Each structure stands twice: as C-alpha cells, then as structure tokens.
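K.L.:
If it helps, the file is called structure.cif and holds mmCIF, C-alpha atoms:
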```cif
data_target
loop_
_atom_site.group_PDB
_atom_site.id
_atom_site.type_symbol
_atom_site.label_atom_id
_atom_site.label_comp_id
_atom_site.auth_asym_id
_atom_site.auth_seq_id
_atom_site.Cartn_x
_atom_site.Cartn_y
_atom_site.Cartn_z
ATOM 1 C CA MET A 1 35.739 128.276 287.880
ATOM 2 C CA ASN A 2 37.277 126.975 284.698
ATOM 3 C CA ASN A 3 41.072 126.664 284.971
ATOM 4 C CA ASN A 4 42.008 125.054 281.658
ATOM 5 C CA GLY A 5 44.421 126.809 279.272
ATOM 6 C CA GLY A 6 41.786 127.885 276.778
ATOM 7 C CA GLY A 7 39.648 129.555 279.388
ATOM 8 C CA GLY A 8 36.717 127.418 278.309
ATOM 9 C CA VAL A 9 36.604 129.072 274.894
ATOM 10 C CA VAL A 10 38.116 126.247 272.849
ATOM 11 C CA PRO A 11 36.654 122.810 273.498
ATOM 12 C CA ILE A 12 39.650 120.541 273.975
ATOM 13 C CA ILE A 13 37.816 117.473 272.780
ATOM 14 C CA SER A 14 37.287 118.854 269.263
ATOM 15 C CA MET A 15 41.012 119.517 268.784
ATOM 16 C CA PHE A 16 41.926 115.932 269.661
ATOM 17 C CA ASP A 17 39.204 114.524 267.414
ATOM 18 C CA TYR A 18 41.351 115.341 264.357
ATOM 19 C CA LEU A 19 44.158 113.136 265.671
ATOM 20 C CA GLN A 20 42.065 109.981 265.646
ATOM 21 C CA PRO A 21 43.250 107.379 263.123
ATOM 22 C CA SER A 22 39.714 106.936 261.810
ATOM 23 C CA ILE A 23 39.527 110.635 260.817
ATOM 24 C CA ASN A 24 43.066 111.532 259.761
ATOM 25 C CA ARG A 25 43.582 108.866 257.098
ATOM 26 C CA PRO A 26 45.627 109.530 253.945
ATOM 27 C CA ASP A 27 43.845 106.717 252.113
ATOM 28 C CA LEU A 28 40.471 108.429 252.606
ATOM 29 C CA PHE A 29 41.978 111.704 251.411
ATOM 30 C CA ALA A 30 43.360 110.039 248.280
ATOM 31 C CA GLN A 31 40.025 108.329 247.661
ATOM 32 C CA THR A 32 38.194 111.666 247.880
ATOM 33 C CA ALA A 33 40.820 113.718 246.015
ATOM 34 C CA TYR A 34 41.322 111.251 243.169
ATOM 35 C CA PRO A 35 38.025 109.515 242.439
ATOM 36 C CA THR A 36 38.329 106.615 240.035
ATOM 37 C CA SER A 37 34.678 105.803 239.447
ATOM 38 C CA ILE A 38 31.273 107.332 239.969
ATOM 39 C CA GLY A 39 27.949 105.572 240.186
ATOM 40 C CA GLY A 40 27.531 103.047 237.418
ATOM 41 C CA GLY A 41 31.220 102.460 236.918
ATOM 42 C CA SER A 42 32.007 105.345 234.589
ATOM 43 C CA ALA A 43 35.648 106.254 235.025
ATOM 44 C CA LEU A 44 36.516 109.749 236.223
ATOM 45 C CA LYS A 45 40.263 110.308 236.134
ATOM 46 C CA SER A 46 42.301 113.034 237.755
ATOM 47 C CA LEU A 47 44.265 115.268 235.366
ATOM 48 C CA GLN A 48 46.933 115.444 238.003
ATOM 49 C CA ARG A 49 47.508 111.689 238.071
ATOM 50 C CA ASN A 50 46.299 110.545 234.630
ATOM 51 C CA ASP A 51 46.929 111.732 231.093
ATOM 52 C CA ALA A 52 44.336 112.231 228.330
ATOM 53 C CA GLU A 53 44.400 108.526 227.452
ATOM 54 C CA GLY A 54 43.820 107.427 231.051
ATOM 55 C CA LYS A 55 47.342 106.153 231.690
ATOM 56 C CA GLU A 56 48.955 107.141 234.970
ATOM 57 C CA ARG A 57 51.492 109.955 234.687
ATOM 58 C CA ALA A 58 55.071 109.784 235.824
ATOM 59 C CA THR A 59 55.684 110.788 239.425
ATOM 60 C CA TYR A 60 57.701 113.885 238.535
ATOM 61 C CA ILE A 61 54.889 115.246 236.326
ATOM 62 C CA THR A 62 52.419 114.797 239.182
ATOM 63 C CA LEU A 63 54.868 116.590 241.474
ATOM 64 C CA TYR A 64 55.254 119.492 239.011
ATOM 65 C CA TYR A 65 51.481 119.673 238.620
ATOM 66 C CA THR A 66 51.057 119.903 242.401
ATOM 67 C CA LEU A 67 53.790 122.527 242.741
ATOM 68 C CA GLY A 68 52.167 124.543 239.952
ATOM 69 C CA LEU A 69 48.838 124.489 241.767
ATOM 70 C CA ILE A 70 50.568 125.658 244.941
ATOM 71 C CA VAL A 71 52.281 128.531 243.102
ATOM 72 C CA VAL A 72 49.022 129.610 241.446
ATOM 73 C CA SER A 73 47.213 129.522 244.789
ATOM 74 C CA ALA A 74 49.999 131.497 246.458
ATOM 75 C CA GLY A 75 49.959 134.110 243.689
ATOM 76 C CA ILE A 76 46.229 134.596 244.039
ATOM 77 C CA PHE A 77 46.493 134.803 247.826
ATOM 78 C CA ILE A 78 49.358 137.324 247.753
ATOM 79 C CA SER A 79 47.463 139.493 245.260
ATOM 80 C CA LEU A 80 44.348 139.453 247.428
ATOM 81 C CA ALA A 81 46.405 140.299 250.516
ATOM 82 C CA ALA A 82 48.057 143.218 248.695
ATOM 83 C CA TRP A 83 44.682 144.609 247.607
ATOM 84 C CA ALA A 84 43.362 144.193 251.149
ATOM 85 C CA GLY A 85 46.294 146.333 252.330
ATOM 86 C CA VAL A 86 45.372 149.006 249.798
ATOM 87 C CA LEU A 87 41.775 148.980 250.982
ATOM 88 C CA LEU A 88 42.851 149.234 254.626
ATOM 89 C CA SER A 89 45.205 152.117 253.898
ATOM 90 C CA TRP A 90 42.556 153.902 251.831
ATOM 91 C CA LEU A 91 40.020 153.633 254.658
ATOM 92 C CA ASP A 92 42.661 154.839 257.133
ATOM 93 C CA SER A 93 43.363 157.861 254.948
ATOM 94 C CA ILE A 94 39.662 158.717 254.907
ATOM 95 C CA TYR A 95 38.759 158.123 258.529
ATOM 96 C CA VAL A 96 42.034 158.384 260.511
ATOM 97 C CA ASN A 97 44.345 160.924 258.919
ATOM 98 C CA SER A 98 44.774 162.253 255.394
ATOM 99 C CA VAL A 99 48.584 162.141 255.774
ATOM 100 C CA ILE A 100 48.357 158.378 255.157
ATOM 101 C CA GLN A 101 47.470 159.123 251.502
ATOM 102 C CA ILE A 102 51.145 158.668 250.478
ATOM 103 C CA VAL A 103 51.178 155.211 252.072
ATOM 104 C CA THR A 104 47.983 154.361 250.208
ATOM 105 C CA GLN A 105 49.604 155.329 246.906
ATOM 106 C CA SER A 106 52.634 153.185 247.697
ATOM 107 C CA ARG A 107 50.470 150.191 248.604
ATOM 108 C CA LEU A 108 48.453 150.691 245.432
ATOM 109 C CA TYR A 109 51.606 150.478 243.292
ATOM 110 C CA TYR A 110 52.719 147.411 245.241
ATOM 111 C CA ALA A 111 49.355 145.695 244.717
ATOM 112 C CA ILE A 112 49.386 146.467 240.996
ATOM 113 C CA ILE A 113 52.913 145.101 240.553
ATOM 114 C CA VAL A 114 52.180 141.943 242.562
ATOM 115 C CA THR A 115 48.972 141.366 240.610
ATOM 116 C CA ILE A 116 50.762 141.749 237.266
ATOM 117 C CA ILE A 117 53.494 139.327 238.360
ATOM 118 C CA SER A 118 50.878 136.840 239.576
ATOM 119 C CA ILE A 119 48.924 137.057 236.324
ATOM 120 C CA ILE A 120 52.091 136.495 234.280
ATOM 121 C CA VAL A 121 53.069 133.462 236.393
ATOM 122 C CA ILE A 122 49.550 132.025 236.164
ATOM 123 C CA ILE A 123 49.504 132.498 232.359
ATOM 124 C CA ILE A 124 52.894 130.777 232.028
ATOM 125 C CA LEU A 125 51.781 127.869 234.213
ATOM 126 C CA LEU A 126 48.519 127.536 232.277
ATOM 127 C CA TYR A 127 50.475 127.443 229.016
ATOM 128 C CA ILE A 128 52.792 124.773 230.413
ATOM 129 C CA TRP A 129 49.775 122.804 231.643
ATOM 130 C CA TYR A 130 48.091 123.111 228.232
ATOM 131 C CA PHE A 131 51.241 122.045 226.430
ATOM 132 C CA PHE A 132 51.789 118.955 228.567
ATOM 133 C CA THR A 133 48.162 117.829 228.927
ATOM 134 C CA ILE A 134 46.432 118.784 225.682
ATOM 135 C CA GLU A 135 49.154 119.305 223.089
ATOM 136 C CA ASN A 136 51.555 116.529 224.093
ATOM 137 C CA LYS A 137 48.900 114.222 225.586
ATOM 138 C CA ASN A 138 51.352 113.167 228.305
#
```
Would you give me this structure, written as structure tokens?

P.N.:
Amino acid sequence: MNNNGGGGVVPIISMFDYLQPSINRPDLFAQTAYPTSIGGGSALKSLQRNDAEGKERATYITLYYTLGLIVVSAGIFISLAAWAGVLLSWLDSIYVNSVIQIVTQSRLYYAIIVTIISIIVIIILLYIWYFFTIENKN
C-alpha cells in the first residue's frame, strides 16, 4: 500500500530535481535567453538587451521591454480565455439548455471587447517598440 501524499501519482523525485543547483541556474538561463555568439563567432544580439548598433541598452529600457512583453502575453492569454468561455457557453446552450443563450451572448460581447482592448494595447506597444528600436536606434 502506498501511503505518500500524492497517492503514488506524482513521483516525488521529479519535483525535487528542479531544486538542484545544477538545474536551476540563472546563469544558464541568461546564456540561453541572450545568446551572444553562434558557431563561428558571428554575433547574435538580443533586441531586449542591445540596440541596433550592438551597444547594451540602459537597464530601464530593458525593464520596459520585459514589462511590455508581459503585457502583450497577458492580453493574448486573456483574449483566448474569453473566447474559450464563449465556446463553452455556446456548447452548453446547444447540449445542456437553450436558456443559456443569453449568457452566451453576454460572453460573446465580453470576448469581443477584451479582444479589441488587447489589440489596441498590442498595437500601441508595437509602435513604442518600433519608435525606440528602429526610429530612435536606442
């Protein structure tokens, strides 16, 4: 009989593997996320850390760049979640009860509004990114 907390479903050893210093290393993450050279020494720079001329950006610009990526990702995720709610409600109105049709219409309007807001935010952030990376060459 297996008496551990996971009921034998979750292998405990695999959860603790991620806590090992050889696996969870920020320097390896930075090396993978921001490659500086590939193969024969050709330089590949990160747009997040380096400008168009190859110089390293200021810390606050890198921070804004990261926050912008987080906001764009969140907008996309929230839009997808809203559309998944519409799909779920639509299927419920077909197979469970047709009274749910009003809820489906409400969720549809919500998903449309959230998607429009997300698209506007993404367009604004892309314009800001274009202005600071291409136009200004910062």

K.L.:
Would you mind reading off the distance between atom CA of A:Leu87 and atom CA of A:Ile117, one decimal, in Å?

P.N.:
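Calculated distance between atom CA of A:Leu87 and atom CA of A:Ile117 is 19.7 Å.
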
K.L.:
Name every residue that the PyMOL selection byres ((chain A and resi 68) around 10) selects in this structure, writing the answer as a ChimeraX atom specification with chains first and numbers rising.

P.N.:
/A:62-67,69-74,121-122,125-126,128-129

K.L.:
For those residues, write C-alpha atoms to a file as a PDB file, in the frame of the given file.

P.N.:
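What ended up in out.pdb:
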```pdb
ATOM      1  CA  THR A  62      52.419 114.797 239.182  1.00  0.00           C
ATOM      2  CA  LEU A  63      54.868 116.590 241.474  1.00  0.00           C
ATOM      3  CA  TYR A  64      55.254 119.492 239.011  1.00  0.00           C
ATOM      4  CA  TYR A  65      51.481 119.673 238.620  1.00  0.00           C
ATOM      5  CA  THR A  66      51.057 119.903 242.401  1.00  0.00           C
ATOM      6  CA  LEU A  67      53.790 122.527 242.741  1.00  0.00           C
ATOM      7  CA  LEU A  69      48.838 124.489 241.767  1.00  0.00           C
ATOM      8  CA  ILE A  70      50.568 125.658 244.941  1.00  0.00           C
ATOM      9  CA  VAL A  71      52.281 128.531 243.102  1.00  0.00           C
ATOM     10  CA  VAL A  72      49.022 129.610 241.446  1.00  0.00           C
ATOM     11  CA  SER A  73      47.213 129.522 244.789  1.00  0.00           C
ATOM     12  CA  ALA A  74      49.999 131.497 246.458  1.00  0.00           C
ATOM     13  CA  VAL A 121      53.069 133.462 236.393  1.00  0.00           C
ATOM     14  CA  ILE A 122      49.550 132.025 236.164  1.00  0.00           C
ATOM     15  CA  LEU A 125      51.781 127.869 234.213  1.00  0.00           C
ATOM     16  CA  LEU A 126      48.519 127.536 232.277  1.00  0.00           C
ATOM     17  CA  ILE A 128      52.792 124.773 230.413  1.00  0.00           C
ATOM     18  CA  TRP A 129      49.775 122.804 231.643  1.00  0.00           C
TER      19      TRP A 129
END
```

K.L.:
What is the atom CA of A:Ile113 to atom CA of A:Phe131 distance in Å?

P.N.:
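It comes out at 27.1 Å.
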
K.L.:
Which residues, named as in the file, does the PyMOL selection byres ((chain A and resi 101-103) around 12) pick out? Answer as an MDAnalysis selection string.

P.N.:
chainID A and resid 85:100 104:110

K.L.:
Between atom CA of A:Gly75 and atom CA of A:Ile120, what is the spacing in Å?

P.N.:
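Straight-line distance from atom CA of A:Ile120 to atom CA of A:Gly75 works out to 9.9 Å.
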